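**Student:** Dropping the structure in here first, questions after.
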Amino acid sequence: MPGRTRKRSPLKIPDRPYIALGLEGSANKLGVGIIRHDTDGSTVVMSNVRHTYITPPGEGFLPRDTAQHHRDWALSVINDALSKAQISLHDIDCICFTQGPGMGAPLSSVALVARTLSLLYDKPLVGVNHCVGHIEMGRQITGAQNPVVLYVSGGNTQVIAYSQQRYRIFGETLDIAVGNCLDRFARVINLSNDPSPGYNIEQEAKKGKRLVPLPYTTKGMDVSLSGILTSAEAYVQDKRYRRNGASATDGDDIITPQDLCFSLQETVFAMLVEITERAMAHIGSKEVLIVGGVGCNERLQEMMGIMAEERGGRVFATDERFCIDNGIMIAQAGLLSFRMGYRTPLTKSSCTQRFRTDEVHVAWRA
Amino acid sequence: MTAHTSSSSSLGLISSATAISQGAEAKVYYASLHPAPSPASTTETVDVLIKHRFHKGYRHPSLDNSLTKSRVAGEARALIRCLRCGVHVPGIRMVDAAEGVLALEWIDGKSVRFLLGGGAEGEEEEAADSEDSDVAEAAAQEDDTDPLSEYGATQDELMAMVGAEIAKMHRGDVVHGDLTTSNMMLRHPRSEKGLQLVLIDFGLAYTSTLVEDKAVDLYVLERAFASTHPASEPLFASVLRAYQAGMGREWTAISKRLDDVRLRGRKRSMVG
């Protein structure tokens, strides 16, 4: 094994406090956060406000309606964040916004707000990769130094590790994201989208007992999830399926929605923990960080904790304030690159739906 | 090869073995077995590597049992198929699928990953104002001697051996499923069989005749190279050259499919 090399962080300790405004709207959450980096090297979350677009049960969020939601709420959420932080827009150093990946329409409506503020107040713009935002906020909150990152959300499922100024993707989903898989299954069994379909699946799964067989598809460090969703959906058509739970006349051989939620979670999370473990073994790391919306699922955190313990390592996770999409993570990642001198000129501030984690040059890490 | 049915004996063997490491899904031990009694019996013991797929606490027990059983059996089957096709893989010494124990031939050598000196292993960051970092950097540079020189092979030769071995395996219709540089070992020239590239860890292997599966297998390796050995393009190119030579006519189809597979990852930029 090569000797442990310690490298100097390229990020200088700030000579004055820096404040950043972060705007996030890549999916159905509109988030605004304000963060401050102090001269003693500490980081203060000044405010973190979020407004979620919630659709009726059985429906997903459509790009056009989500963009409309963001446009309707942008100003009041920004004002709310500013008053909670007790500062004005003149006090901030830069405006950070999500440049991708995500849904096109909501992304561009939030980017438009960012550009307008930037011109009105003459503040520089910093475009941020959504995934890098999650990772940097997770590292900041938990204090994990160089963890293997499992990024699980409605649009992304990736196992990431840092190497030579890039967050490199070791494994990812080959088809749909894990959050997408859970959300769509919640729609099939008509669960509420409030506060989030994933949260409701988690609660239902706690009541499930029976593990029905579902495909287990890990391929190296990648996973495939669409087939599992199809099989889980097929159980809803099974003659043993009871939509309203067990009735008195039923025997033992029935399947309830709770059982399906339980089986889906157990199978899918076991796959995710397995690919994470594979990545840990491959690069020899003992720390895991879980970020992204699905990351606040306590069963996933528990399973990851057991795995890490078996390897003599530990798991880092955050709660819903920082796991679920938020503005503060965009501010954090944006401010880090701002302090390294990175700016996004107005002409280059367009959004992209496809923006891979490993495209970003991570200048602020050694 | 002996097939053990009594679980206590294979677990007993582990309790007397020396733990080496914990891999992706199993704990790995070193042990020595007494050879089977035969007329020409010697007192020499046989070194083996024991792979124990222990119970994973995070997985539902019934899911865990069925996965463990099928993986141990699958790994043994794939190894036997490889041996039959003349691929260099470790020989099988013992299988106990119920307990998740597999004992394999001990290989005297180092992993390709180590020999290429790769990866994010053991890197740490520090705040900007540290004093001892220069000292550490100097120390790191000192042990920079190429570990490959001890094996009398160049990086290029090593890559050619990798490509040739994978080609042999694919011609036998075995798909490894987890090709990384950690899953290949270079047998030391001092050992009985001489310098050899050995493929290990067939935990995710399966048999398939499909071009698709072989192309994906190569793609997995390409990604593993890119993520652990950042300046790896020329290395992987020489792996592919040797692979092409080994595959003969089958190469055209696989090459085409590999190009398709590369385009498949999610959220790639669609420029160009």
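Letters A, B, ... go to the chains of the structure tokens in the order shown; residues in each chain start at 1; ligands are counted from 1 in the same order.
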If you count only C-alpha atoms, which residues fall within 10 Å of stretch 338-349 of chain A, apart from same-chain ones fewer than 5 positions away, as a compact mmCIF listing (two decimals) with C-alpha atoms, in the first residue's frame?
**Tutor:**
```txt
# COMPACT_ATOMS: atom_id res chain seq x y z
CA PRO A 10 -5.75 25.10 -1.90
CA LEU A 11 -8.55 27.01 -0.18
CA LYS A 12 -7.14 30.03 1.69
CA ILE A 13 -8.66 31.08 4.97
CA PRO A 14 -10.86 34.10 4.13
CA TYR A 18 -17.98 35.98 2.64
CA ALA A 20 -23.46 33.80 -0.65
CA HIS A 37 -17.79 31.78 5.61
CA ASP A 93 -20.82 38.55 -2.35
CA CYS A 94 -22.23 36.29 -5.00
CA ILE A 95 -25.43 34.73 -6.29
CA CYS A 96 -25.19 30.97 -6.77
CA PHE A 97 -27.75 29.03 -8.76
CA THR A 98 -28.22 25.45 -9.93
CA GLN A 99 -27.00 25.12 -13.48
CA SER A 108 -34.36 27.99 -16.29
CA ALA A 111 -31.73 30.80 -13.35
CA LEU A 112 -33.71 33.73 -14.72
CA ALA A 114 -30.58 34.60 -10.46
CA ARG A 115 -29.58 36.57 -13.57
CA SER A 118 -27.23 39.66 -10.46
CA LEU A 119 -27.88 42.55 -12.87
CA PRO A 124 -21.35 38.07 -9.72
CA LEU A 125 -23.09 34.85 -10.71
CA VAL A 126 -21.79 31.38 -9.84
CA GLY A 127 -23.32 28.37 -11.57
CA VAL A 128 -23.29 25.21 -9.45
CA ALA A 331 -24.68 28.57 -1.72
CA GLN A 332 -22.03 26.42 -0.03
CA ALA A 333 -20.65 24.82 -3.20
CA VAL A 362 -13.13 20.77 -7.84
CA ALA A 363 -10.55 23.55 -7.43
CA TRP A 364 -11.08 23.96 -3.68
```
**Student:** Contacts from chain A to chain B, 8 Å maximum, only C-alpha atoms: show me the residue list as a PyMOL selection string.
**Tutor:** chain A and resi 1-13+101+145-146+162-164+168-170+173-175+219-221+266-267+270+274+277-285+302-304+306-307+311+353-356+365-366
**Student:** Could you tell me, as a PyMOL selection string, which residues of stretch 21-219 of chain A DSSP assigns to alpha helix (DSSP H) when given the backbone?
**Tutor:** chain A and resi 63-85+104-121+130-142+178-188+197-205
**Student:** Could you please take those selected residues and save C-alpha atoms as a compact mmCIF listing (two decimals), in the first residue's frame?
**Tutor:**
```txt
# COMPACT_ATOMS: atom_id res chain seq x y z
CA PRO A 63 -42.04 20.40 -15.78
CA ARG A 64 -44.37 23.19 -16.87
CA ASP A 65 -46.39 23.24 -13.65
CA THR A 66 -43.25 22.97 -11.53
CA ALA A 67 -41.69 25.93 -13.35
CA GLN A 68 -44.89 27.90 -12.76
CA HIS A 69 -44.72 27.03 -9.05
CA HIS A 70 -41.14 28.29 -8.84
CA ARG A 71 -42.01 31.53 -10.64
CA ASP A 72 -44.96 32.10 -8.29
CA TRP A 73 -42.96 31.53 -5.15
CA ALA A 74 -39.46 32.79 -6.00
CA LEU A 75 -39.82 36.31 -4.65
CA SER A 76 -41.57 35.46 -1.40
CA VAL A 77 -39.12 32.65 -0.62
CA ILE A 78 -36.11 34.92 -1.33
CA ASN A 79 -37.58 37.70 0.84
CA ASP A 80 -38.25 35.18 3.59
CA ALA A 81 -34.66 33.92 3.45
CA LEU A 82 -33.24 37.47 3.53
CA SER A 83 -35.35 38.52 6.50
CA LYS A 84 -34.47 35.34 8.42
CA ALA A 85 -30.78 36.01 7.78
CA GLY A 104 -35.18 22.09 -17.87
CA ALA A 105 -38.17 24.34 -17.25
CA PRO A 106 -37.81 24.71 -13.46
CA LEU A 107 -34.05 25.14 -13.83
CA SER A 108 -34.36 27.99 -16.29
CA SER A 109 -37.03 29.83 -14.33
CA VAL A 110 -34.79 29.89 -11.25
CA ALA A 111 -31.73 30.80 -13.35
CA LEU A 112 -33.71 33.73 -14.72
CA VAL A 113 -34.31 34.97 -11.17
CA ALA A 114 -30.58 34.60 -10.46
CA ARG A 115 -29.58 36.57 -13.57
CA THR A 116 -32.07 39.33 -12.80
CA LEU A 117 -30.81 39.71 -9.22
CA SER A 118 -27.23 39.66 -10.46
CA LEU A 119 -27.88 42.55 -12.87
CA LEU A 120 -30.05 44.54 -10.44
CA TYR A 121 -27.58 44.41 -7.57
CA HIS A 130 -26.50 20.21 -8.18
CA CYS A 131 -24.72 16.97 -7.23
CA VAL A 132 -21.58 18.79 -6.13
CA GLY A 133 -23.82 21.02 -4.00
CA HIS A 134 -25.17 17.94 -2.21
CA ILE A 135 -21.69 16.54 -1.62
CA GLU A 136 -20.18 19.80 -0.33
CA MET A 137 -23.08 20.45 2.04
CA GLY A 138 -22.90 16.89 3.33
CA ARG A 139 -19.17 17.24 3.98
CA GLN A 140 -19.67 20.60 5.67
CA ILE A 141 -22.47 19.45 7.99
CA THR A 142 -21.02 16.07 8.96
CA VAL A 178 -33.91 5.22 -6.84
CA GLY A 179 -36.14 8.13 -5.77
CA ASN A 180 -37.90 7.90 -9.08
CA CYS A 181 -38.46 4.18 -8.51
CA LEU A 182 -39.94 4.76 -5.03
CA ASP A 183 -42.02 7.78 -6.09
CA ARG A 184 -43.53 5.98 -9.04
CA PHE A 185 -44.38 2.99 -6.89
CA ALA A 186 -46.04 5.33 -4.38
CA ARG A 187 -48.19 6.54 -7.26
CA VAL A 188 -49.16 2.98 -8.16
CA PRO A 197 -43.85 10.02 -1.52
CA GLY A 198 -40.58 8.54 -0.27
CA TYR A 199 -41.38 9.48 3.33
CA ASN A 200 -44.79 7.83 3.07
CA ILE A 201 -43.28 4.66 1.61
CA GLU A 202 -40.89 4.59 4.55
CA GLN A 203 -43.77 4.81 7.03
CA GLU A 204 -45.78 2.10 5.21
CA ALA A 205 -42.72 -0.16 5.02
```
**Student:** Extract, using only C-alpha atoms, all DNA, RNA and protein residues at most 10 Å from A:Gly155, discarding same-chain residues fewer than 2 positions from it, and format them as an MDAnalysis selection string.
**Tutor:** chainID A and resid 26:27 101:103 151:153 157 176:181 292:293
**Student:** To one decimal in Å, tell me the separation between atom CA of B:Lys168 and atom CA of B:Val87.
**Tutor:**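 It comes out at 6.0 Å.
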**Student:** What separation in Å, quoted to one decimal, exists between atom CA of B:Glu233 and atom CA of B:Gln155?
**Tutor:**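 Separating atom CA of B:Glu233 from atom CA of B:Gln155 is a distance of 12.9 Å.
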**Student:** Any idea what's packed within 7 Å of B:Met159, counting only C-alpha atoms, ignoring anything in its chain fewer than 5 positions away? Could you give it as a short mmCIF file (atom, residue, chain, number, x, y, z; two decimals) with C-alpha atoms, in the first residue's frame?
**Tutor:**
```cif
data_model
loop_
_atom_site.label_atom_id
_atom_site.label_comp_id
_atom_site.auth_asym_id
_atom_site.auth_seq_id
_atom_site.Cartn_x
_atom_site.Cartn_y
_atom_site.Cartn_z
CA LEU B 235 -3.03 1.78 -20.58
CA SER B 238 -3.08 -1.48 -24.87
CA VAL B 239 -5.43 -3.78 -22.94
#
```
**Student:** I want to know what sits within 9 Å of B:Glu75, based on only C-alpha atoms, with residues of the same chain fewer than 4 positions away left out; could you give that as a ChimeraX atom specification?
**Tutor:** /B:70-71,79-80,102,201-206
